[in-house]
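Notes follow once the structure below has been shown.
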Amino acid sequence: MAAPQCVLITGGAGYIGSHTVLQLLLGGYKTVVIDNFDNSSQVAINRVQELAGDHAVNLTFHKMDIRNKPALEKLFASTKFDAVMHFAGLKAVGESVQKPLMYYDNNVVGTLALLEVMDAHGCKKIVFSSSATVYGWPKEVPCTEEFPLSAANPYGRTKLMIEDIFRDIYASDSGWKIIMLRYFNPVGAHPSGHIGEDPLGTPNNLMPFVQQVAVGRLPALKVFGTNYSTKDGTGVRDYIHVADLANGHLAALRKLSDPQIGCEVYNLGTGKGTSVLEMVAAFEKMSGKKIPLIIAGRRPGDAEIVYASTEKAELELNWKAEYGIEEMCRDQWNWVNKNPYGYQTK
């Protein structure tokens, strides 16, 4: 028996990170998680340990900021990592417009520090959390990985810059193995209701907003734009269950051991578009709660219809999203019903 692979997960206490750490543990990997709790909670790590049962012995946690290069150096000097999964980063579009320097510092400078330390220690395998925001306003759908790239806000630009950095690194040194995963719209929670999405402050995305209305934390859901040329006039997105996303990361990690892999990018979505009102209706059905709506004008920077082409991931990663929107809403409701204030106790 070969020793289990040891994987470093940056931002492993966050929404997608925590679900992926759990899948890695259950898959027999040794996981070392770092997080600075900027937009996450120690409680998430504790609950991952509970859900992992006997596998929790393979989880090590360090409170750390990836911009802290000496701390990273020390970690890499003491532990031999087979690969890195890089989730750490700020992700609120609106906030990035208000505080661009904070986003460039956190996301781009943080990634540079991580890559420099990885390079120095000969660890050259990485799976990176990119985003469908790098497609900007796509002229057609579904979005394939070959689409022209452009970003409409500082958050999206940080993702695009980091992708460019990876492409440049690989061009300079083909010893690197890099997989960039472009997520579409992650929703849902672990079926146990034990871990889920817990945004600090006002939510930026549809489903955390819906869940806060459902438990009475917010009075109503604002729907931005009902005059798009879509079936019901509301924007269409590709929602993907966080459990499918976590499994996509495991598939990407396995792919890194393929001798043919260099620097590759894969969309992770369902390949189906769902409108805002369809999503709200599915949530109402699964939760039995009525979600009051406030109709507002379009938001600047919102694209009309965005959904993924998933053929490349299905073919090359042997991965496919399994859950539909009803399961996403069921698990989201189960999480918020059990944890109306997320990881905080109110």
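Residue numbering restarts at 1 in every chain; chains get A, B, ... in the order shown in the structure tokens, and ligands count up from 1 in that same order.
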Next item on the list: Would you mind writing down, as a count of residues only, each residue of stretch 207-315 of chain A that DSSP on the backbone assigns to strand (DSSP E or B)?
Entry: 23
Contacts of stretch 73-155 of chain A with stretch 240-263 of chain A up to 9 Å, shortest pair per row, only C-alpha atoms, as CSV:
residue,atom,partner,partner_atom,distance
A:Ala83,CA,A:Leu253,CA,7.9
A:Val84,CA,A:Leu253,CA,9.0
A:Met85,CA,A:His249,CA,8.3
A:Lys125,CA,A:Leu256,CA,6.8
A:Ile126,CA,A:Leu256,CA,8.0
A:Val127,CA,A:Leu253,CA,6.8
Margin query: Using only C-alpha atoms, which protein or nucleic acid residues come within 10 Å of stretch 96-109 of chain A? Drop anything in the same chain fewer than 3 positions from it, and give the result as number ranges by chain.
Written below: A: 65-67, 87-93, 112-115, 152-162, 165
Grab the residues selected above and save them as an mmCIF file, in the first residue's frame with N, CA, C and O atoms.
data_model
loop_
_atom_site.group_PDB
_atom_site.id
_atom_site.type_symbol
_atom_site.label_atom_id
_atom_site.label_comp_id
_atom_site.auth_asym_id
_atom_site.auth_seq_id
_atom_site.Cartn_x
_atom_site.Cartn_y
_atom_site.Cartn_z
ATOM 1 N N ASP A 65 -2.682 32.975 6.949
ATOM 2 C CA ASP A 65 -3.016 33.772 5.770
ATOM 3 C C ASP A 65 -1.998 33.420 4.685
ATOM 4 O O ASP A 65 -0.795 33.406 4.955
ATOM 5 N N ILE A 66 -2.467 33.157 3.475
ATOM 6 C CA ILE A 66 -1.519 32.744 2.431
ATOM 7 C C ILE A 66 -0.553 33.868 2.040
ATOM 8 O O ILE A 66 0.468 33.620 1.417
ATOM 9 N N ARG A 67 -0.863 35.104 2.450
ATOM 10 C CA ARG A 67 0.087 36.193 2.169
ATOM 11 C C ARG A 67 1.254 36.183 3.147
ATOM 12 O O ARG A 67 2.234 36.918 2.946
ATOM 13 N N PHE A 87 -8.327 27.295 -2.717
ATOM 14 C CA PHE A 87 -9.654 27.927 -2.632
ATOM 15 C C PHE A 87 -9.574 29.346 -2.070
ATOM 16 O O PHE A 87 -10.508 30.125 -2.256
ATOM 17 N N ALA A 88 -8.503 29.645 -1.307
ATOM 18 C CA ALA A 88 -8.472 30.889 -0.528
ATOM 19 C C ALA A 88 -8.611 32.106 -1.427
ATOM 20 O O ALA A 88 -7.913 32.238 -2.428
ATOM 21 N N GLY A 89 -9.533 32.987 -1.054
ATOM 22 C CA GLY A 89 -9.701 34.218 -1.823
ATOM 23 C C GLY A 89 -11.020 34.878 -1.460
ATOM 24 O O GLY A 89 -11.949 34.232 -0.979
ATOM 25 N N LEU A 90 -11.101 36.179 -1.684
ATOM 26 C CA LEU A 90 -12.346 36.909 -1.460
ATOM 27 C C LEU A 90 -13.203 36.773 -2.710
ATOM 28 O O LEU A 90 -12.686 36.686 -3.815
ATOM 29 N N LYS A 91 -14.543 36.791 -2.543
ATOM 30 C CA LYS A 91 -15.368 36.415 -3.705
ATOM 31 C C LYS A 91 -16.636 37.238 -3.917
ATOM 32 O O LYS A 91 -17.517 36.821 -4.653
ATOM 33 N N ALA A 92 -16.747 38.406 -3.276
ATOM 34 C CA ALA A 92 -17.979 39.190 -3.453
ATOM 35 C C ALA A 92 -17.778 40.252 -4.530
ATOM 36 O O ALA A 92 -16.942 41.137 -4.391
ATOM 37 N N VAL A 93 -18.541 40.127 -5.601
ATOM 38 C CA VAL A 93 -18.387 41.033 -6.743
ATOM 39 C C VAL A 93 -18.563 42.490 -6.318
ATOM 40 O O VAL A 93 -17.724 43.346 -6.607
ATOM 41 N N LEU A 112 0.445 34.556 -5.511
ATOM 42 C CA LEU A 112 1.879 34.647 -5.845
ATOM 43 C C LEU A 112 2.741 34.095 -4.712
ATOM 44 O O LEU A 112 3.693 33.341 -4.949
ATOM 45 N N ALA A 113 2.396 34.465 -3.473
ATOM 46 C CA ALA A 113 3.164 33.965 -2.320
ATOM 47 C C ALA A 113 3.102 32.438 -2.271
ATOM 48 O O ALA A 113 4.122 31.753 -2.109
ATOM 49 N N LEU A 114 1.894 31.906 -2.463
ATOM 50 C CA LEU A 114 1.706 30.448 -2.437
ATOM 51 C C LEU A 114 2.544 29.769 -3.529
ATOM 52 O O LEU A 114 3.244 28.776 -3.269
ATOM 53 N N LEU A 115 2.485 30.305 -4.743
ATOM 54 C CA LEU A 115 3.198 29.683 -5.870
ATOM 55 C C LEU A 115 4.709 29.764 -5.692
ATOM 56 O O LEU A 115 5.434 28.828 -6.036
ATOM 57 N N ALA A 152 -15.650 41.519 -15.861
ATOM 58 C CA ALA A 152 -16.427 42.763 -15.790
ATOM 59 C C ALA A 152 -16.281 43.473 -14.447
ATOM 60 O O ALA A 152 -16.894 44.506 -14.220
ATOM 61 N N ASN A 153 -15.484 42.923 -13.530
ATOM 62 C CA ASN A 153 -15.326 43.549 -12.206
ATOM 63 C C ASN A 153 -13.996 43.093 -11.604
ATOM 64 O O ASN A 153 -13.392 42.129 -12.079
ATOM 65 N N PRO A 154 -13.529 43.804 -10.560
ATOM 66 C CA PRO A 154 -12.222 43.450 -9.979
ATOM 67 C C PRO A 154 -12.131 41.994 -9.510
ATOM 68 O O PRO A 154 -11.099 41.348 -9.702
ATOM 69 N N TYR A 155 -13.206 41.456 -8.915
ATOM 70 C CA TYR A 155 -13.171 40.047 -8.493
ATOM 71 C C TYR A 155 -12.864 39.143 -9.691
ATOM 72 O O TYR A 155 -11.964 38.300 -9.648
ATOM 73 N N GLY A 156 -13.618 39.334 -10.777
ATOM 74 C CA GLY A 156 -13.398 38.524 -11.977
ATOM 75 C C GLY A 156 -12.002 38.726 -12.539
ATOM 76 O O GLY A 156 -11.350 37.778 -12.994
ATOM 77 N N ARG A 157 -11.515 39.972 -12.469
ATOM 78 C CA ARG A 157 -10.166 40.233 -12.993
ATOM 79 C C ARG A 157 -9.101 39.515 -12.176
ATOM 80 O O ARG A 157 -8.111 39.049 -12.719
ATOM 81 N N THR A 158 -9.315 39.409 -10.844
ATOM 82 C CA THR A 158 -8.312 38.670 -10.048
ATOM 83 C C THR A 158 -8.270 37.208 -10.494
ATOM 84 O O THR A 158 -7.196 36.610 -10.607
ATOM 85 N N LYS A 159 -9.434 36.623 -10.786
ATOM 86 C CA LYS A 159 -9.465 35.221 -11.226
ATOM 87 C C LYS A 159 -8.765 35.073 -12.577
ATOM 88 O O LYS A 159 -8.010 34.119 -12.805
ATOM 89 N N LEU A 160 -9.028 36.032 -13.470
ATOM 90 C CA LEU A 160 -8.425 35.982 -14.798
ATOM 91 C C LEU A 160 -6.912 36.183 -14.720
ATOM 92 O O LEU A 160 -6.145 35.488 -15.400
ATOM 93 N N MET A 161 -6.472 37.129 -13.886
ATOM 94 C CA MET A 161 -5.027 37.353 -13.705
ATOM 95 C C MET A 161 -4.344 36.092 -13.191
ATOM 96 O O MET A 161 -3.268 35.721 -13.649
ATOM 97 N N ILE A 162 -4.986 35.448 -12.206
ATOM 98 C CA ILE A 162 -4.380 34.239 -11.630
ATOM 99 C C ILE A 162 -4.312 33.142 -12.696
ATOM 100 O O ILE A 162 -3.301 32.444 -12.811
ATOM 101 N N ILE A 165 -1.391 33.933 -14.800
ATOM 102 C CA ILE A 165 -0.149 33.605 -14.080
ATOM 103 C C ILE A 165 0.145 32.108 -14.224
ATOM 104 O O ILE A 165 1.270 31.706 -14.532
#
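Minimum atom-to-atom distance to A:Gln212, evaluated using only C-alpha atoms, belongs to A:Ile291 out of A:Ile291, A:Cys143, A:Phe37, A:Gly269.
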Next item on the list: Would you mind listing what lies within 12 Å of A:Asp173 as a PyMOL selection string, with only C-alpha atoms counted and same-chain residues fewer than 2 positions away left out?
Entry: chain A and resi 119+122+124+166-171+175-178+262-263
Check: Taking only C-alpha atoms into account, which of A:Asn58, A:Val134, A:Cys123, A:Glu95 comes nearest A:Asn204?
Finding: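 Closest to A:Asn204 of all the choices is A:Glu95.
Closest approach to A:Lys338 among A:Ile305, A:Leu206, A:Val215, A:Met64: A:Val215, based on only C-alpha atoms.
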Next item on the list: May I have the residues within 12 Å of A:Gly216 as a ChimeraX atom specification, using only C-alpha atoms and disregarding those fewer than 4 positions away in the same chain?
Entry: /A:209-212,220-221,289-292,336-337,340-341
Please produce an output containing all heavy atoms for each residue in the selection, written as a short mmCIF file (atom, residue, chain, number, x, y, z; two decimals), in the first residue's frame.
data_model
loop_
_atom_site.label_atom_id
_atom_site.label_comp_id
_atom_site.auth_asym_id
_atom_site.auth_seq_id
_atom_site.Cartn_x
_atom_site.Cartn_y
_atom_site.Cartn_z
N PHE A 209 -29.38 34.47 0.01
CA PHE A 209 -30.42 35.48 0.21
C PHE A 209 -31.77 34.82 0.47
O PHE A 209 -32.49 35.15 1.42
CB PHE A 209 -30.51 36.36 -1.05
CG PHE A 209 -30.51 37.82 -0.74
CD1 PHE A 209 -29.44 38.64 -1.07
CD2 PHE A 209 -31.59 38.39 -0.09
CE1 PHE A 209 -29.43 39.98 -0.77
CE2 PHE A 209 -31.61 39.74 0.21
CZ PHE A 209 -30.52 40.54 -0.13
N VAL A 210 -32.10 33.85 -0.40
CA VAL A 210 -33.37 33.12 -0.25
C VAL A 210 -33.43 32.44 1.11
O VAL A 210 -34.45 32.50 1.80
CB VAL A 210 -33.52 32.07 -1.39
CG1 VAL A 210 -34.70 31.14 -1.11
CG2 VAL A 210 -33.72 32.77 -2.74
N GLN A 211 -32.32 31.82 1.52
CA GLN A 211 -32.36 31.09 2.80
C GLN A 211 -32.56 32.04 3.97
O GLN A 211 -33.23 31.71 4.94
CB GLN A 211 -31.13 30.19 2.97
CG GLN A 211 -29.82 30.88 3.25
CD GLN A 211 -28.65 29.90 3.42
OE1 GLN A 211 -28.63 28.81 2.86
NE2 GLN A 211 -27.65 30.31 4.19
N GLN A 212 -32.00 33.25 3.87
CA GLN A 212 -32.18 34.19 4.99
C GLN A 212 -33.62 34.73 5.04
O GLN A 212 -34.14 35.01 6.11
CB GLN A 212 -31.15 35.33 4.89
CG GLN A 212 -29.74 34.82 5.17
CD GLN A 212 -28.74 35.91 5.50
OE1 GLN A 212 -29.08 37.08 5.65
NE2 GLN A 212 -27.48 35.53 5.61
N ALA A 220 -37.62 40.10 2.52
CA ALA A 220 -38.03 39.73 1.16
C ALA A 220 -36.80 39.59 0.27
O ALA A 220 -35.72 40.09 0.60
CB ALA A 220 -38.96 40.80 0.57
N LEU A 221 -36.98 38.91 -0.84
CA LEU A 221 -35.90 38.72 -1.82
C LEU A 221 -36.03 39.77 -2.91
O LEU A 221 -37.10 39.94 -3.50
CB LEU A 221 -36.01 37.33 -2.45
CG LEU A 221 -35.09 37.07 -3.64
CD1 LEU A 221 -33.64 36.94 -3.19
CD2 LEU A 221 -35.53 35.81 -4.39
N LYS A 289 -41.98 27.07 2.43
CA LYS A 289 -41.97 28.48 2.85
C LYS A 289 -42.28 29.38 1.65
O LYS A 289 -41.82 29.11 0.54
CB LYS A 289 -40.59 28.87 3.38
CG LYS A 289 -40.22 28.17 4.66
CD LYS A 289 -40.80 28.89 5.84
CE LYS A 289 -40.45 28.21 7.15
NZ LYS A 289 -41.16 28.77 8.27
N LYS A 290 -43.03 30.44 1.89
CA LYS A 290 -43.29 31.42 0.84
C LYS A 290 -42.16 32.46 0.87
O LYS A 290 -41.81 32.95 1.95
CB LYS A 290 -44.64 32.10 1.09
CG LYS A 290 -45.09 32.98 -0.04
CD LYS A 290 -45.84 32.17 -1.13
CE LYS A 290 -46.08 33.04 -2.36
NZ LYS A 290 -45.36 32.61 -3.56
N ILE A 291 -41.59 32.77 -0.29
CA ILE A 291 -40.52 33.77 -0.35
C ILE A 291 -41.09 35.05 -0.97
O ILE A 291 -41.33 35.11 -2.17
CB ILE A 291 -39.32 33.26 -1.20
CG1 ILE A 291 -38.79 31.91 -0.67
CG2 ILE A 291 -38.20 34.30 -1.26
CD1 ILE A 291 -38.18 31.94 0.71
N PRO A 292 -41.35 36.10 -0.14
CA PRO A 292 -41.87 37.35 -0.71
C PRO A 292 -40.82 38.00 -1.62
O PRO A 292 -39.61 37.95 -1.31
CB PRO A 292 -42.11 38.24 0.53
CG PRO A 292 -41.91 37.36 1.72
CD PRO A 292 -41.13 36.18 1.31
N VAL A 336 -30.20 25.52 6.43
CA VAL A 336 -30.58 26.79 7.06
C VAL A 336 -31.64 26.57 8.15
O VAL A 336 -31.68 27.30 9.15
CB VAL A 336 -31.05 27.82 6.01
CG1 VAL A 336 -32.42 27.50 5.43
CG2 VAL A 336 -31.07 29.22 6.63
N ASN A 337 -32.46 25.55 7.98
CA ASN A 337 -33.46 25.22 8.98
C ASN A 337 -32.79 24.80 10.29
O ASN A 337 -33.23 25.16 11.39
CB ASN A 337 -34.36 24.10 8.44
CG ASN A 337 -35.63 23.95 9.24
OD1 ASN A 337 -36.12 24.91 9.84
ND2 ASN A 337 -36.18 22.76 9.27
N PRO A 340 -30.12 28.55 11.38
CA PRO A 340 -30.65 29.79 10.81
C PRO A 340 -29.64 30.94 10.79
O PRO A 340 -29.69 31.82 9.95
CB PRO A 340 -31.85 30.13 11.69
CG PRO A 340 -31.82 29.19 12.83
CD PRO A 340 -30.95 28.04 12.48
N TYR A 341 -28.68 30.90 11.73
CA TYR A 341 -27.64 31.94 11.75
C TYR A 341 -26.30 31.38 11.32
O TYR A 341 -25.25 31.86 11.75
CB TYR A 341 -27.57 32.59 13.13
CG TYR A 341 -28.77 33.48 13.36
CD1 TYR A 341 -29.94 32.97 13.91
CD2 TYR A 341 -28.76 34.80 12.95
CE1 TYR A 341 -31.07 33.77 14.07
CE2 TYR A 341 -29.88 35.62 13.10
CZ TYR A 341 -31.02 35.09 13.65
OH TYR A 341 -32.13 35.88 13.78
#
Note to self: Can you tell me which residues surround A:Thr226 at a distance of at most 12 Å, considering only C-alpha atoms, apart from same-chain residues fewer than 5 positions away, and format the answer as a list of chain:residue names?
What the structure shows: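 Within the cut-off, the hits are A:Lys231, A:Asp232, A:Gly233, A:Thr234, A:Gly235, A:Val236, A:Ser275, A:Val276, A:Leu277, A:Leu293, A:Ile294, A:Ile295, A:Ala296, A:Gly297, A:Arg298, A:Arg299, A:Glu304.
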Saved selection, atoms kept: C-alpha atoms, as a PDB file, in the first residue's frame:
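Generated file (again_4.pdb):
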ATOM      1  CA  LYS A 231     -38.654  32.417 -20.353  1.00  0.00           C
ATOM      2  CA  ASP A 232     -39.892  34.406 -17.348  1.00  0.00           C
ATOM      3  CA  GLY A 233     -37.881  37.618 -17.760  1.00  0.00           C
ATOM      4  CA  THR A 234     -35.405  36.860 -14.931  1.00  0.00           C
ATOM      5  CA  GLY A 235     -31.701  36.084 -15.335  1.00  0.00           C
ATOM      6  CA  VAL A 236     -30.654  32.509 -16.062  1.00  0.00           C
ATOM      7  CA  SER A 275     -33.995  31.266 -13.978  1.00  0.00           C
ATOM      8  CA  VAL A 276     -34.175  33.162 -10.697  1.00  0.00           C
ATOM      9  CA  LEU A 277     -37.937  32.588 -10.444  1.00  0.00           C
ATOM     10  CA  LEU A 293     -40.337  39.165  -3.696  1.00  0.00           C
ATOM     11  CA  ILE A 294     -39.421  42.782  -4.349  1.00  0.00           C
ATOM     12  CA  ILE A 295     -39.001  43.468  -8.056  1.00  0.00           C
ATOM     13  CA  ALA A 296     -36.080  45.790  -8.774  1.00  0.00           C
ATOM     14  CA  GLY A 297     -34.308  47.061 -11.884  1.00  0.00           C
ATOM     15  CA  ARG A 298     -31.442  45.230 -13.515  1.00  0.00           C
ATOM     16  CA  ARG A 299     -28.083  45.408 -11.792  1.00  0.00           C
ATOM     17  CA  GLU A 304     -28.645  37.720 -19.080  1.00  0.00           C
TER      18      GLU A 304
END
Next item on the list: List every residue of stretch 77-131 of chain A that DSSP, applied to the backbone, labels as alpha helix (DSSP H), and write the result as a list in words.
Entry: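 Answer for stretch 77-131 of chain A, restricted to alpha helix (DSSP H): Ala77, Ser78, Val93, Gly94, Glu95, Ser96, Val97, Gln98, Pro100, Leu101, Met102, Tyr103, Gly110, Thr111, Leu112, Ala113, Leu114, Leu115, Glu116, Val117, Met118, Asp119 and Ala120 of chain A.
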Convert the current residue selection to file output with N, CA and C atoms, as a PDB file, in the first residue's frame.
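Saved as result.pdb:
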ATOM      1  N   ALA A  77       8.292  23.417   4.730  1.00  0.00           N
ATOM      2  CA  ALA A  77       9.547  22.805   5.195  1.00  0.00           C
ATOM      3  C   ALA A  77       9.260  21.599   6.089  1.00  0.00           C
ATOM      4  N   SER A  78       8.104  21.634   6.782  1.00  0.00           N
ATOM      5  CA  SER A  78       7.824  20.561   7.741  1.00  0.00           C
ATOM      6  C   SER A  78       6.946  19.444   7.164  1.00  0.00           C
ATOM      7  N   VAL A  93     -18.541  40.127  -5.601  1.00  0.00           N
ATOM      8  CA  VAL A  93     -18.387  41.033  -6.743  1.00  0.00           C
ATOM      9  C   VAL A  93     -18.563  42.490  -6.318  1.00  0.00           C
ATOM     10  N   GLY A  94     -19.657  42.787  -5.618  1.00  0.00           N
ATOM     11  CA  GLY A  94     -19.943  44.168  -5.213  1.00  0.00           C
ATOM     12  C   GLY A  94     -18.838  44.753  -4.347  1.00  0.00           C
ATOM     13  N   GLU A  95     -18.381  43.961  -3.383  1.00  0.00           N
ATOM     14  CA  GLU A  95     -17.313  44.420  -2.495  1.00  0.00           C
ATOM     15  C   GLU A  95     -16.031  44.679  -3.289  1.00  0.00           C
ATOM     16  N   SER A  96     -15.785  43.866  -4.312  1.00  0.00           N
ATOM     17  CA  SER A  96     -14.553  44.037  -5.107  1.00  0.00           C
ATOM     18  C   SER A  96     -14.558  45.369  -5.857  1.00  0.00           C
ATOM     19  N   VAL A  97     -15.756  45.828  -6.222  1.00  0.00           N
ATOM     20  CA  VAL A  97     -15.867  47.118  -6.908  1.00  0.00           C
ATOM     21  C   VAL A  97     -15.558  48.254  -5.922  1.00  0.00           C
ATOM     22  N   GLN A  98     -16.017  48.078  -4.670  1.00  0.00           N
ATOM     23  CA  GLN A  98     -15.768  49.081  -3.625  1.00  0.00           C
ATOM     24  C   GLN A  98     -14.322  49.066  -3.115  1.00  0.00           C
ATOM     25  N   PRO A 100     -11.173  47.445  -4.497  1.00  0.00           N
ATOM     26  CA  PRO A 100     -10.356  46.659  -5.437  1.00  0.00           C
ATOM     27  C   PRO A 100      -8.977  46.286  -4.887  1.00  0.00           C
ATOM     28  N   LEU A 101      -8.347  47.209  -4.151  1.00  0.00           N
ATOM     29  CA  LEU A 101      -6.989  46.914  -3.660  1.00  0.00           C
ATOM     30  C   LEU A 101      -6.992  45.707  -2.741  1.00  0.00           C
ATOM     31  N   MET A 102      -8.036  45.616  -1.906  1.00  0.00           N
ATOM     32  CA  MET A 102      -8.144  44.491  -0.979  1.00  0.00           C
ATOM     33  C   MET A 102      -8.239  43.176  -1.767  1.00  0.00           C
ATOM     34  N   TYR A 103      -8.977  43.202  -2.874  1.00  0.00           N
ATOM     35  CA  TYR A 103      -9.148  41.999  -3.699  1.00  0.00           C
ATOM     36  C   TYR A 103      -7.860  41.618  -4.423  1.00  0.00           C
ATOM     37  N   GLY A 110      -1.734  36.980  -2.684  1.00  0.00           N
ATOM     38  CA  GLY A 110      -1.761  35.726  -1.918  1.00  0.00           C
ATOM     39  C   GLY A 110      -1.387  34.525  -2.762  1.00  0.00           C
ATOM     40  N   THR A 111      -1.909  34.475  -4.000  1.00  0.00           N
ATOM     41  CA  THR A 111      -1.593  33.358  -4.894  1.00  0.00           C
ATOM     42  C   THR A 111      -0.113  33.368  -5.269  1.00  0.00           C
ATOM     43  N   LEU A 112       0.445  34.556  -5.511  1.00  0.00           N
ATOM     44  CA  LEU A 112       1.879  34.647  -5.845  1.00  0.00           C
ATOM     45  C   LEU A 112       2.741  34.095  -4.712  1.00  0.00           C
ATOM     46  N   ALA A 113       2.396  34.465  -3.473  1.00  0.00           N
ATOM     47  CA  ALA A 113       3.164  33.965  -2.320  1.00  0.00           C
ATOM     48  C   ALA A 113       3.102  32.438  -2.271  1.00  0.00           C
ATOM     49  N   LEU A 114       1.894  31.906  -2.463  1.00  0.00           N
ATOM     50  CA  LEU A 114       1.706  30.448  -2.437  1.00  0.00           C
ATOM     51  C   LEU A 114       2.544  29.769  -3.529  1.00  0.00           C
ATOM     52  N   LEU A 115       2.485  30.305  -4.743  1.00  0.00           N
ATOM     53  CA  LEU A 115       3.198  29.683  -5.870  1.00  0.00           C
ATOM     54  C   LEU A 115       4.709  29.764  -5.692  1.00  0.00           C
ATOM     55  N   GLU A 116       5.193  30.877  -5.136  1.00  0.00           N
ATOM     56  CA  GLU A 116       6.646  30.999  -4.910  1.00  0.00           C
ATOM     57  C   GLU A 116       7.131  29.945  -3.919  1.00  0.00           C
ATOM     58  N   VAL A 117       6.345  29.737  -2.857  1.00  0.00           N
ATOM     59  CA  VAL A 117       6.740  28.747  -1.843  1.00  0.00           C
ATOM     60  C   VAL A 117       6.610  27.328  -2.421  1.00  0.00           C
ATOM     61  N   MET A 118       5.535  27.069  -3.175  1.00  0.00           N
ATOM     62  CA  MET A 118       5.395  25.752  -3.818  1.00  0.00           C
ATOM     63  C   MET A 118       6.595  25.465  -4.719  1.00  0.00           C
ATOM     64  N   ASP A 119       6.967  26.460  -5.522  1.00  0.00           N
ATOM     65  CA  ASP A 119       8.077  26.304  -6.464  1.00  0.00           C
ATOM     66  C   ASP A 119       9.378  26.002  -5.721  1.00  0.00           C
ATOM     67  N   ALA A 120       9.621  26.754  -4.652  1.00  0.00           N
ATOM     68  CA  ALA A 120      10.856  26.589  -3.879  1.00  0.00           C
ATOM     69  C   ALA A 120      10.952  25.191  -3.277  1.00  0.00           C
TER      70      ALA A 120
END
Note to self: Taking only C-alpha atoms into account, name the residue in A:Phe128, A:Tyr29, A:Phe224, A:Phe184 that is nearest to A:Thr274.
What the structure shows: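 Nearest candidate to A:Thr274 out of A:Phe128, A:Tyr29, A:Phe224, A:Phe184: A:Phe184.
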Next item on the list: To one decimal in Å, tell me the separation between atom CA of A:Arg47 and atom CA of A:Met207.
Entry: 21.7 Å
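Our summary of the geometry notes that atom CA of A:Glu264 is positioned 27.2 Å from atom CA of A:Asp302.
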Notebook entry, point to check: From the list A:Val141, A:Leu200, A:Leu24, A:Leu149, which residue is nearest A:Gly271 when using only C-alpha atoms?
Noted result: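 The shortest atom-to-atom distance to A:Gly271 comes from A:Val141.
The smallest atom-to-atom distance between A:Val223 and any of A:Lys320, A:Tyr266, A:Met279, A:Lys272, using only C-alpha atoms, is found for A:Met279.
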